[in-house]
Every structure is written in C-alpha cells, then in structure tokens.
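Asks: There's a structure below that I have some questions on.
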Amino acid sequence: MITWQPLPPGIHPIYSVAVTPDGQYAAAARANQIFLYHVPSKRELGRLTDPSLIEKGIYKQPGVADLDLIQSLAFSPDGQWLASGGFRTVKLWKKPAGGKKLDLAALEGPARSIAVSVDGKLAAIGEETGKVKVFDLTNGQIVKTLAGHTGPVTGLAFTADATKLVS
C-alpha cells in the first residue's frame with residue numbers, strides 16, 4: 001500500500017537511493033521509510049508500508065517500511081521488485097499489478113475509443129468531439145492531434161509497425 005504523506009525537507013536524511021533500469025521510478029530511503037518517485041514528472045508517489053508493523057500495533061499510521069534505518073535499496077533488472085536492507089532484515093517489495101503509470105490529460109471531450117501501439121510507445125484516444133489525440137506513453141505528452149471526423153471517434157487501430165493509425 002502506498003500512501004501520500006509528505007514530510008518537511010530536512011527531517012530525515014536520505015540514506016540510500018535506487019532507480020529502475022528504465023529510469024521511470026526512483027526510491028529513496030529516509031530513516032525507516034521508503035519514498036517512491038516518478039522521475040519524468042518529478043512527482044512523489046508516496047511511501048511504502050509494511051502492513052505487519054501496523055497489524056502488530058508498532059505504528060498506527062501507514063508509511064513505515066521497517067523497524068530499523070533502511071541503508072540500502074536496489075531494483076530488480078525488470079523494475080518489478082525493490083529490495084530494501086535494514087540493520088537485520090532485507091525486504092522485497094513487488095510492484096502492484098495494473099498500477100497507474102500516467103494520466104493522459106488534455107482531452108476536450110469524453111474518450112470513446114483507445115488504441116495502443118504494439119511496441120507500447122504510443123496511445124491514441126478517439127474523442128466524442130471527433131478529434132484523435134496521440135500520446136507518447138513514455139512521458140504522457142501529446143505527439144499529434146488529428147481532426148476531420150464529423151462525429152465521435154468510436155474505433156481506432158494502429159498498424160503492426162505503428163506507422164499508421166486507422167479510425
């Protein structure tokens with residue numbers, strides 16, 4: 001469980017950091033807490049919580065990952081696991097399945113259709129307004145806005161090589 005509870009700067013020094021191999025996420029150990037960040041957007045995502053520490057009554061609030069100072073962090077090569085090392089323990093944290101990666105904003109109307117390129121780099125969203133917006137999924141930015149439909153765009157598909165989009 002990740003919760004959002006920012007701390008004022010300078011309360012706890014950072015003892016360790018780790019970045020996923022794809023450069024999308026970073027983890028920072030501050031005392032017995034692990035903060036997660038989305039690197040491209042420079043946003044804090046929240047803190048990891050060990051539920052057993054709350055269940056045992058040791059802590060009342062979420063956001064605590066260990067009893068001891070966390071002195072080391074490392075992501076697995078696929079970025080799906082984070083290892084944290086304290087004085088006497090190493091914990092493995094698994095990235096939640098289906099977790100939110102990006103918010104694709106800037107739509108002018110309700111989304112009526114969506115297509116993702118085979119390589120996972122682009123997403124196209126067909127709007128009720130008749131526009132199609134193509135997003136770069138690495139950063140959430142609009143690559144292109146296509147116009148021309150006189151009604152809602154209810155179907156989209158990329159070609160296998162992602163060079164064409166059919167609507």
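Each chain in the structure tokens gets a letter, A, B and so on, in the order shown; residues start at 1 in every chain, and ligands are counted from 1 in the order they appear.
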Can you pull out the residues contacting Ala147 in chain A? Cut-off 9 Å, using only C-alpha atoms, and skip same-chain residues under 5 positions away; I want them as a tab-separated table (two decimals) with all heavy atoms, in the first residue's frame.

Replies:
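Output file selection01.tsv is given in full below:
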chain	number	residue	atom	x	y	z
A	130	GLY	N	-14.72	14.25	-32.11
A	130	GLY	CA	-14.27	13.93	-33.46
A	130	GLY	C	-12.77	14.03	-33.63
A	130	GLY	O	-12.24	13.72	-34.69
A	131	LYS	N	-12.07	14.45	-32.58
A	131	LYS	CA	-10.61	14.53	-32.65
A	131	LYS	C	-9.98	13.24	-32.15
A	131	LYS	O	-10.56	12.52	-31.34
A	131	LYS	CB	-10.10	15.69	-31.81
A	131	LYS	CG	-10.47	17.05	-32.37
A	131	LYS	CD	-9.88	18.16	-31.56
A	131	LYS	CE	-10.27	19.51	-32.14
A	131	LYS	NZ	-9.78	20.61	-31.33
A	132	VAL	N	-8.76	12.98	-32.63
A	132	VAL	CA	-7.95	11.85	-32.15
A	132	VAL	C	-6.66	12.46	-31.62
A	132	VAL	O	-5.99	13.22	-32.32
A	132	VAL	CB	-7.64	10.85	-33.28
A	132	VAL	CG1	-6.70	9.76	-32.77
A	132	VAL	CG2	-8.92	10.25	-33.84
A	133	LYS	N	-6.31	12.12	-30.38
A	133	LYS	CA	-5.06	12.60	-29.81
A	133	LYS	C	-4.13	11.41	-29.62
A	133	LYS	O	-4.52	10.38	-29.08
A	133	LYS	CB	-5.31	13.30	-28.48
A	133	LYS	CG	-6.10	14.59	-28.71
A	133	LYS	CD	-5.98	15.56	-27.61
A	133	LYS	CE	-6.67	16.84	-28.04
A	133	LYS	NZ	-7.50	17.40	-27.03

Asks: Could you tell me how far CA of Ser117 in chain A lies from CA of Thr163 in chain A, in Å and to one decimal?

Replies: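 So the two atoms, CA of Ser117 in chain A and CA of Thr163 in chain A, lie 9.2 Å apart.
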
Asks: Identify, with DSSP run on backbone atoms, the residues in chain A assigned to strand (DSSP E), and express the list as a PyMOL selection string.

Replies: chain A and resi 2-3+14-19+25-30+33-38+43-48+72-75+81-85+90-94+111-116+122-127+132-136+141-146+157-158+165-166

Asks: Per residue of range 133-165 of chain A within 12 Å of range 15-25 of chain A, which atom pair is closest and at what distance in Å (one decimal), using only C-alpha atoms, listed by chain and increasing number, as a tab-separated table?

Replies:
residue	atom	partner	partner_atom	distance
A:Leu137	CA	A:Gln24	CA	11.4
A:Thr138	CA	A:Gln24	CA	8.5
A:Asn139	CA	A:Gln24	CA	9.3

Asks: Within 10 Å of range 71-75 of chain A, counting only C-alpha atoms, which residues qualify if same-chain residues fewer than 4 places away don't, as a tab-separated table (two decimals) with N, CA, C and O atoms, in the first residue's frame?

Replies:
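Output saved as out.tsv:
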chain	number	residue	atom	x	y	z
A	14	ILE	N	18.54	11.29	3.56
A	14	ILE	CA	18.42	10.14	2.65
A	14	ILE	C	19.63	9.25	2.84
A	14	ILE	O	20.76	9.70	2.72
A	15	TYR	N	19.38	7.97	3.15
A	15	TYR	CA	20.46	7.01	3.36
A	15	TYR	C	20.79	6.19	2.13
A	15	TYR	O	21.88	5.66	2.00
A	16	SER	N	19.82	6.04	1.23
A	16	SER	CA	20.05	5.22	0.04
A	16	SER	C	19.05	5.61	-1.03
A	16	SER	O	17.94	6.06	-0.72
A	17	VAL	N	19.46	5.43	-2.30
A	17	VAL	CA	18.55	5.65	-3.42
A	17	VAL	C	18.72	4.53	-4.44
A	17	VAL	O	19.76	3.87	-4.49
A	18	ALA	N	17.68	4.32	-5.23
A	18	ALA	CA	17.73	3.35	-6.32
A	18	ALA	C	16.82	3.86	-7.42
A	18	ALA	O	15.81	4.53	-7.16
A	19	VAL	N	17.17	3.55	-8.68
A	19	VAL	CA	16.38	3.95	-9.84
A	19	VAL	C	16.11	2.70	-10.67
A	19	VAL	O	17.00	1.85	-10.85
A	20	THR	N	14.88	2.57	-11.18
A	20	THR	CA	14.56	1.43	-12.03
A	20	THR	C	15.42	1.48	-13.29
A	20	THR	O	15.81	2.55	-13.73
A	21	PRO	N	15.73	0.32	-13.88
A	21	PRO	CA	16.56	0.30	-15.08
A	21	PRO	C	16.03	1.15	-16.23
A	21	PRO	O	16.80	1.68	-17.01
A	25	TYR	N	11.23	5.25	-12.36
A	25	TYR	CA	10.92	5.37	-10.94
A	25	TYR	C	12.19	5.40	-10.10
A	25	TYR	O	13.20	4.81	-10.46
A	26	ALA	N	12.10	6.10	-8.99
A	26	ALA	CA	13.20	6.15	-8.04
A	26	ALA	C	12.64	5.89	-6.65
A	26	ALA	O	11.49	6.20	-6.36
A	27	ALA	N	13.48	5.30	-5.81
A	27	ALA	CA	13.12	5.07	-4.41
A	27	ALA	C	14.21	5.72	-3.56
A	27	ALA	O	15.39	5.67	-3.92
A	28	ALA	N	13.81	6.33	-2.46
A	28	ALA	CA	14.75	6.95	-1.54
A	28	ALA	C	14.43	6.49	-0.14
A	28	ALA	O	13.27	6.50	0.28
A	29	ALA	N	15.46	6.05	0.59
A	29	ALA	CA	15.29	5.60	1.98
A	29	ALA	C	15.60	6.77	2.90
A	29	ALA	O	16.69	7.34	2.86
A	30	ARG	N	14.63	7.12	3.73
A	30	ARG	CA	14.79	8.17	4.74
A	30	ARG	C	14.40	7.53	6.07
A	30	ARG	O	13.24	7.19	6.27
A	31	ALA	N	15.39	7.34	6.93
A	31	ALA	CA	15.17	6.67	8.22
A	31	ALA	C	14.57	5.29	7.94
A	31	ALA	O	15.16	4.50	7.23
A	32	ASN	N	13.38	5.00	8.46
A	32	ASN	CA	12.76	3.69	8.24
A	32	ASN	C	11.61	3.77	7.22
A	32	ASN	O	10.71	2.96	7.21
A	34	ILE	N	10.44	4.44	2.97
A	34	ILE	CA	10.85	4.38	1.57
A	34	ILE	C	9.88	5.24	0.77
A	34	ILE	O	8.67	4.96	0.73
A	79	GLY	N	12.60	-4.08	-12.96
A	79	GLY	CA	11.95	-2.99	-12.27
A	79	GLY	C	10.70	-3.37	-11.50
A	79	GLY	O	10.01	-2.52	-10.96
A	80	GLN	N	10.41	-4.67	-11.41
A	80	GLN	CA	9.19	-5.12	-10.73
A	80	GLN	C	9.37	-5.35	-9.23
A	80	GLN	O	8.40	-5.45	-8.50
A	81	TRP	N	10.62	-5.47	-8.77
A	81	TRP	CA	10.90	-5.74	-7.36
A	81	TRP	C	11.87	-4.68	-6.82
A	81	TRP	O	12.77	-4.24	-7.52
A	82	LEU	N	11.68	-4.33	-5.56
A	82	LEU	CA	12.59	-3.43	-4.86
A	82	LEU	C	13.05	-4.16	-3.61
A	82	LEU	O	12.22	-4.65	-2.83
A	83	ALA	N	14.34	-4.24	-3.40
A	83	ALA	CA	14.88	-4.82	-2.16
A	83	ALA	C	15.32	-3.68	-1.27
A	83	ALA	O	15.97	-2.73	-1.72
A	84	SER	N	14.95	-3.78	0.01
A	84	SER	CA	15.38	-2.77	0.99
A	84	SER	C	16.12	-3.49	2.11
A	84	SER	O	15.69	-4.53	2.58
A	85	GLY	N	17.24	-2.92	2.50
A	85	GLY	CA	18.06	-3.54	3.54
A	85	GLY	C	18.17	-2.66	4.77
A	85	GLY	O	18.58	-1.50	4.67
A	86	GLY	N	17.81	-3.23	5.92
A	86	GLY	CA	17.95	-2.54	7.20
A	86	GLY	C	19.05	-3.19	8.01
A	86	GLY	O	19.90	-3.90	7.48
A	87	PHE	N	19.03	-2.96	9.31
A	87	PHE	CA	20.07	-3.50	10.20
A	87	PHE	C	20.07	-5.01	10.21
A	87	PHE	O	21.10	-5.66	10.14
A	90	VAL	N	16.18	-7.81	5.19
A	90	VAL	CA	16.05	-7.39	3.80
A	90	VAL	C	14.61	-7.70	3.42
A	90	VAL	O	14.12	-8.81	3.67
A	91	LYS	N	13.93	-6.72	2.88
A	91	LYS	CA	12.55	-6.92	2.47
A	91	LYS	C	12.47	-6.76	0.96
A	91	LYS	O	13.17	-5.95	0.37
A	92	LEU	N	11.60	-7.57	0.35
A	92	LEU	CA	11.34	-7.47	-1.08
A	92	LEU	C	9.94	-6.90	-1.27
A	92	LEU	O	8.98	-7.39	-0.67
A	93	TRP	N	9.86	-5.88	-2.09
A	93	TRP	CA	8.59	-5.21	-2.38
A	93	TRP	C	8.27	-5.43	-3.85
A	93	TRP	O	9.09	-5.18	-4.71
A	94	LYS	N	7.05	-5.91	-4.14
A	94	LYS	CA	6.64	-6.16	-5.52
A	94	LYS	C	5.77	-5.01	-6.01
A	94	LYS	O	4.89	-4.56	-5.31

Asks: CA of Lys164 in chain A to CA of Thr129 in chain A: how many Å, to one decimal?

Replies: 21.1 Å

Asks: What separation in Å, quoted to one decimal, exists between CA of Asp50 in chain A and CA of Val64 in chain A?

Replies: 6.4 Å

Asks: Which residue is closest to Ala115 in chain A? Choose from A:Thr159, A:Ser52, A:Thr145, A:Thr150 and count only C-alpha atoms.

Replies: A:Thr159

Asks: So, counting only C-alpha atoms, which residue among A:Ala123, A:Val153, A:Ile58, A:Val116 is closest to Gln141 in chain A?

Replies: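 Distance minimum relative to Gln141 in chain A lands on A:Ala123.
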